[in-house]
There are 2 protein chains.
Amino acid sequence: MAEATRAEVAAPLADLSRISLNQISINGWTLPEAVEGCARHGIGWIGLWRDKVADCGLERSARLVRDAGIRVSSLLRGGFFPAAGEEALRARRDDNRRAVDEAAILGTEILVLVCGPAVDRDLEAAREQVAEGIAELAPYAAESGVTLGIEPLHPMFAGDRSVIVTLAEASSIAERFPAGQVGVIVDAYHVWWDPDLRAQVQRAAGRILGYHVSDWLVPPPDPLLGRGMMGDGVIDLRLLRGLVEATGYQGPIEVEIFNRKIWDAPGDEVLALIKERSLAKV
Amino acid sequence: MAEATRAEVAAPLADLSRISLNQISINGWTLPEAVEGCARHGIGWIGLWRDKVADCGLERSARLVRDAGIRVSSLLRGGFFPAAGEEALRARRDDNRRAVDEAAILGTEILVLVCGPAVDRDLEAAREQVAEGIAELAPYAAESGVTLGIEPLHPMFAGDRSVIVTLAEASSIAERFPAGQVGVIVDAYHVWWDPDLRAQVQRAAGRILGYHVSDWLVPPPDPLLGRGMMGDGVIDLRLLRGLVEATGYQGPIEVEIFNRKIWDAPGDEVLALIKERSLAKV
């Protein structure tokens, strides 16, 4: 990289005040365990998953988080918009509205959207369905004070999880709506490879609703469960955070690691390592 | 997809005259076995890999292919340009020149480039090194009548195989050179997910040097060895071929499948299935 751009590299984090534990990183912990773990380790933010919230109970989850003084950086996840047939589309719509309601009750302003795959090989039609689904959901969410965060996934997930696989495309959809209604989530693992990354992060200024970190291992051990702990892979995390912060984003940094080995390790050890690597590598 | 665009979908292939067997699809076959297999099955094209050519001997490989009346659609592969230090860069340069020499001897005009990963997390610097390496190699190749085909790989390979992961970026480099010196290879597996695919294929008109097919399985079973037989996955192969042919490309269609299960199957069965699927699905 040219010398002139090195100034964009972020300085190390001064403390852990912006770090959020995305629940999936310690998948073995129930919601109460994760909340207690965050409190024990001085982590002030948590990213919640709907299945774990459901296991614990929605109202109880909201109370536990609130009583522990922990803020919810986001709820994961709504989306999966493309569907075959009216009935399936209606079921998705209803579920996404429930996700909005849950986000509001849990006290987070951000519902993360994983947009879903095509139903029939037709990516272009599926992308239209995503835009239509978001158009339907955004006003409903706005009424509850919930903003929708479109998370472009790595193109590796285009077949089974999301037809939205670039930040450019996420922004193209988000920009159809007021900034307070729809924005984007920048996840280092999903976007680090993009030759257009620098320009697309700049373009997303004012719409970045979340920043997620993990690392890209070489070679990737598994398509789904092969994300790495920060510092174990090849992503220039300091550069990417610098780019994100240059847009004005100073919100939570969610640590979101899907990794079988990390899941099998004791939660307290994982959280201690997350803290160490957040200061050293993020 | 909108009705109007359906006209872009290609008609089924009338015959197998454009199908090429990329050697990797039947990895268990030596070069002589692959050549014999193609002859036995009436496949008129083959894509050769340098390691298999080396195992057989360069001159002998050239003779076997020529005597069988089979044409070489491409040689795989040159590239891996980024390297740390002058000595490593010189070694890469020398090896790429040897690859050009081999292509000329084998009677193919196309050397496929897999551009290589970054050496130190710096994707932007690595991409510059790729462009510099190609600038160094292209005139040398032109003297031998060999054209360089930049193959963008799926972004899943950005960490270990290629920092060139979009057709847009491959074209941006190729366009710095005369069309007869540098072009691009469109591989369905690597590019199918791209929201900008339609425009980028059109942009590559006149520079498409090869078209490769396999399929994207859902969920992807393995990052490296999980490509599917055409028809087993979710790629709209007829649409993509239609887009490629709309640019004027009427050259060979290389079947390139990295798949452990297919590798473990008897070669003749695999080739029979390739023929069947080429007519039914490509």
# chains A, B, ... in the order shown; residues from 1 in each chain; ligands from 1
>>> closest_atom_pairs(of="segment 183-281 of chain A", to="segment 95-112 of chain A", cutoff="9 Å", atoms="only C-alpha atoms", output="CSV")
residue,atom,partner,partner_atom,distance
A:Val184,CA,A:Val112,CA,8.5
A:Ile185,CA,A:Val112,CA,7.4
A:Leu209,CA,A:Ile110,CA,7.1
A:Gly210,CA,A:Ile110,CA,8.3
>>> select_by_dssp(residues="segment 221-281 of chain B", states="helix (DSSP H, G or I)", output="PyMOL selection string")
chain B and resi 237-246+260-264+267-281
>>> interface_residues(of="chain B", to="chain A", cutoff="7 Å", atoms="only C-alpha atoms", output="JSON, numbers by chain")
{"B": [1, 121, 122, 124, 125, 155, 156, 158, 159, 160, 193, 218, 219, 220, 222, 223, 234, 235, 236]}
>>> write_last_selection(atoms="C-alpha atoms", output="PDB file, in the first residue's frame")
ATOM      1  CA  MET B   1     -35.047 -11.756 -13.310  1.00  0.00           C
ATOM      2  CA  ARG B 121      -1.863  -8.760   4.787  1.00  0.00           C
ATOM      3  CA  ASP B 122      -1.428  -5.876   2.340  1.00  0.00           C
ATOM      4  CA  GLU B 124      -3.421  -3.309  -2.168  1.00  0.00           C
ATOM      5  CA  ALA B 125       0.330  -3.746  -2.431  1.00  0.00           C
ATOM      6  CA  PRO B 155     -13.081 -14.311  -2.918  1.00  0.00           C
ATOM      7  CA  MET B 156     -12.854 -17.415  -0.731  1.00  0.00           C
ATOM      8  CA  ALA B 158      -8.179 -14.272  -1.437  1.00  0.00           C
ATOM      9  CA  GLY B 159      -6.051 -15.433   1.491  1.00  0.00           C
ATOM     10  CA  ASP B 160      -4.145 -18.258  -0.108  1.00  0.00           C
ATOM     11  CA  TRP B 193     -22.104 -14.640  -7.097  1.00  0.00           C
ATOM     12  CA  VAL B 218     -25.206 -25.870  -1.283  1.00  0.00           C
ATOM     13  CA  PRO B 219     -23.951 -25.819   1.328  1.00  0.00           C
ATOM     14  CA  PRO B 220     -20.355 -25.754   0.080  1.00  0.00           C
ATOM     15  CA  ASP B 222     -15.174 -27.720   1.406  1.00  0.00           C
ATOM     16  CA  PRO B 223     -13.405 -24.514   0.410  1.00  0.00           C
ATOM     17  CA  VAL B 234     -27.133 -23.440  -7.921  1.00  0.00           C
ATOM     18  CA  ILE B 235     -25.310 -21.639 -10.725  1.00  0.00           C
ATOM     19  CA  ASP B 236     -27.494 -20.510 -13.624  1.00  0.00           C
TER      20      ASP B 236
END
>>> select_by_dssp(residues="segment 43-267 of chain B", states="strand (DSSP E or B)", output="ChimeraX atom specification")
/B:45-49,71-79,110-114,116,147-150,162,182-187,208-213,215-216,226-228,253-255,259
>>> write_last_selection(atoms="C-alpha atoms", output="mmCIF file, in the first residue's frame")
data_model
loop_
_atom_site.group_PDB
_atom_site.id
_atom_site.type_symbol
_atom_site.label_atom_id
_atom_site.label_comp_id
_atom_site.auth_asym_id
_atom_site.auth_seq_id
_atom_site.Cartn_x
_atom_site.Cartn_y
_atom_site.Cartn_z
ATOM 1 C CA TRP B 45 -10.009 -30.291 -26.194
ATOM 2 C CA ILE B 46 -7.939 -30.624 -23.044
ATOM 3 C CA GLY B 47 -6.763 -28.153 -20.404
ATOM 4 C CA LEU B 48 -3.332 -29.192 -19.155
ATOM 5 C CA TRP B 49 -1.726 -28.739 -15.735
ATOM 6 C CA ARG B 71 -6.189 -29.391 -28.997
ATOM 7 C CA VAL B 72 -4.931 -27.783 -25.814
ATOM 8 C CA SER B 73 -7.404 -25.143 -24.657
ATOM 9 C CA SER B 74 -5.077 -23.766 -21.999
ATOM 10 C CA LEU B 75 -2.118 -24.448 -19.749
ATOM 11 C CA LEU B 76 -2.555 -24.058 -15.995
ATOM 12 C CA ARG B 77 -0.997 -22.175 -14.512
ATOM 13 C CA GLY B 78 1.310 -19.222 -14.165
ATOM 14 C CA GLY B 79 1.001 -16.385 -11.695
ATOM 15 C CA ILE B 110 -3.501 -19.462 -23.462
ATOM 16 C CA LEU B 111 -1.584 -19.461 -20.190
ATOM 17 C CA VAL B 112 -3.983 -19.193 -17.256
ATOM 18 C CA LEU B 113 -2.814 -16.953 -14.426
ATOM 19 C CA VAL B 114 -3.737 -17.566 -10.799
ATOM 20 C CA GLY B 116 -1.334 -15.400 -5.832
ATOM 21 C CA THR B 147 -1.705 -14.760 -24.351
ATOM 22 C CA LEU B 148 -2.052 -14.396 -20.596
ATOM 23 C CA GLY B 149 -5.475 -15.151 -19.154
ATOM 24 C CA ILE B 150 -6.092 -13.591 -15.762
ATOM 25 C CA SER B 162 -5.318 -14.939 -5.505
ATOM 26 C CA VAL B 182 -3.627 -10.166 -21.826
ATOM 27 C CA GLY B 183 -7.239 -11.205 -21.310
ATOM 28 C CA VAL B 184 -9.434 -12.867 -18.718
ATOM 29 C CA ILE B 185 -10.746 -16.318 -17.934
ATOM 30 C CA VAL B 186 -14.367 -16.523 -16.823
ATOM 31 C CA ASP B 187 -14.929 -19.439 -14.465
ATOM 32 C CA ILE B 208 -12.446 -13.504 -22.791
ATOM 33 C CA LEU B 209 -9.845 -16.204 -23.381
ATOM 34 C CA GLY B 210 -11.629 -19.091 -21.740
ATOM 35 C CA TYR B 211 -14.848 -20.156 -20.092
ATOM 36 C CA HIS B 212 -14.746 -22.709 -17.268
ATOM 37 C CA VAL B 213 -17.681 -24.559 -15.775
ATOM 38 C CA ASP B 215 -21.205 -25.829 -10.103
ATOM 39 C CA TRP B 216 -21.648 -24.331 -6.648
ATOM 40 C CA GLY B 226 -16.109 -28.839 -2.980
ATOM 41 C CA ARG B 227 -16.908 -27.839 -6.539
ATOM 42 C CA GLY B 228 -19.838 -29.636 -8.034
ATOM 43 C CA ILE B 253 -15.700 -24.620 -22.502
ATOM 44 C CA GLU B 254 -13.388 -26.175 -19.953
ATOM 45 C CA VAL B 255 -14.902 -28.454 -17.357
ATOM 46 C CA ASN B 259 -14.014 -32.410 -5.957
#
>>> residues_around(residues="Asp268 of chain B", least_positions_apart="3", cutoff="8 Å", atoms="only C-alpha atoms", output="mmCIF file with C-alpha atoms, in the first residue's frame")
data_model
loop_
_atom_site.group_PDB
_atom_site.id
_atom_site.type_symbol
_atom_site.label_atom_id
_atom_site.label_comp_id
_atom_site.auth_asym_id
_atom_site.auth_seq_id
_atom_site.Cartn_x
_atom_site.Cartn_y
_atom_site.Cartn_z
ATOM 1 C CA GLY B 37 -9.615 -40.802 -22.273
ATOM 2 C CA LEU B 271 -16.058 -38.330 -18.289
ATOM 3 C CA ALA B 272 -19.322 -39.960 -19.346
#
>>> residues_around(residues="Leu31 of chain B", least_positions_apart="3", cutoff="8 Å", atoms="only C-alpha atoms", output="MDAnalysis selection string")
chainID B and resid 23 34:35 52:53 56 61
>>> write_last_selection(atoms="C-alpha atoms", output="PDB file, in the first residue's frame")
ATOM      1  CA  GLN B  23      -7.169 -32.351 -16.291  1.00  0.00           C
ATOM      2  CA  ALA B  34      -6.259 -38.158 -19.904  1.00  0.00           C
ATOM      3  CA  VAL B  35      -5.318 -37.857 -23.570  1.00  0.00           C
ATOM      4  CA  LYS B  52       1.079 -33.426 -14.869  1.00  0.00           C
ATOM      5  CA  VAL B  53       2.928 -32.285 -17.974  1.00  0.00           C
ATOM      6  CA  CYS B  56       4.959 -37.084 -18.364  1.00  0.00           C
ATOM      7  CA  SER B  61       3.172 -34.511 -23.603  1.00  0.00           C
TER       8      SER B  61
END
>>> atom_distance(atom1="atom CA of Ile274 of chain A", atom2="atom CA of Val146 of chain A")
28.2 Å
>>> closest_residue(among="A:Ala280, A:Ala10, A:Ile70, A:Leu167", to="Leu240 of chain A", atoms="only C-alpha atoms")
A:Ala10
>>> atom_distance(atom1="atom CA of Val130 of chain A", atom2="atom CA of Leu153 of chain A")
13.7 Å
>>> atom_distance(atom1="atom CA of Ser172 of chain A", atom2="atom CA of Ala138 of chain A")
15.0 Å
>>> residues_around(residues="Gln202 of chain A", least_positions_apart="2", cutoff="12 Å", atoms="only C-alpha atoms", output="list of chain:residue names")
A:Glu8, A:Leu167, A:Ala168, A:Ser171, A:Val186, A:Asp196, A:Leu197, A:Arg198, A:Ala199, A:Gln200, A:Ala204, A:Ala205, A:Gly206, A:Arg207, A:Ile208, A:Leu240, A:Arg241, A:Gly242, A:Leu243, A:Val244, A:Glu245, A:Ala246, A:Thr247, A:Gly248, A:Tyr249
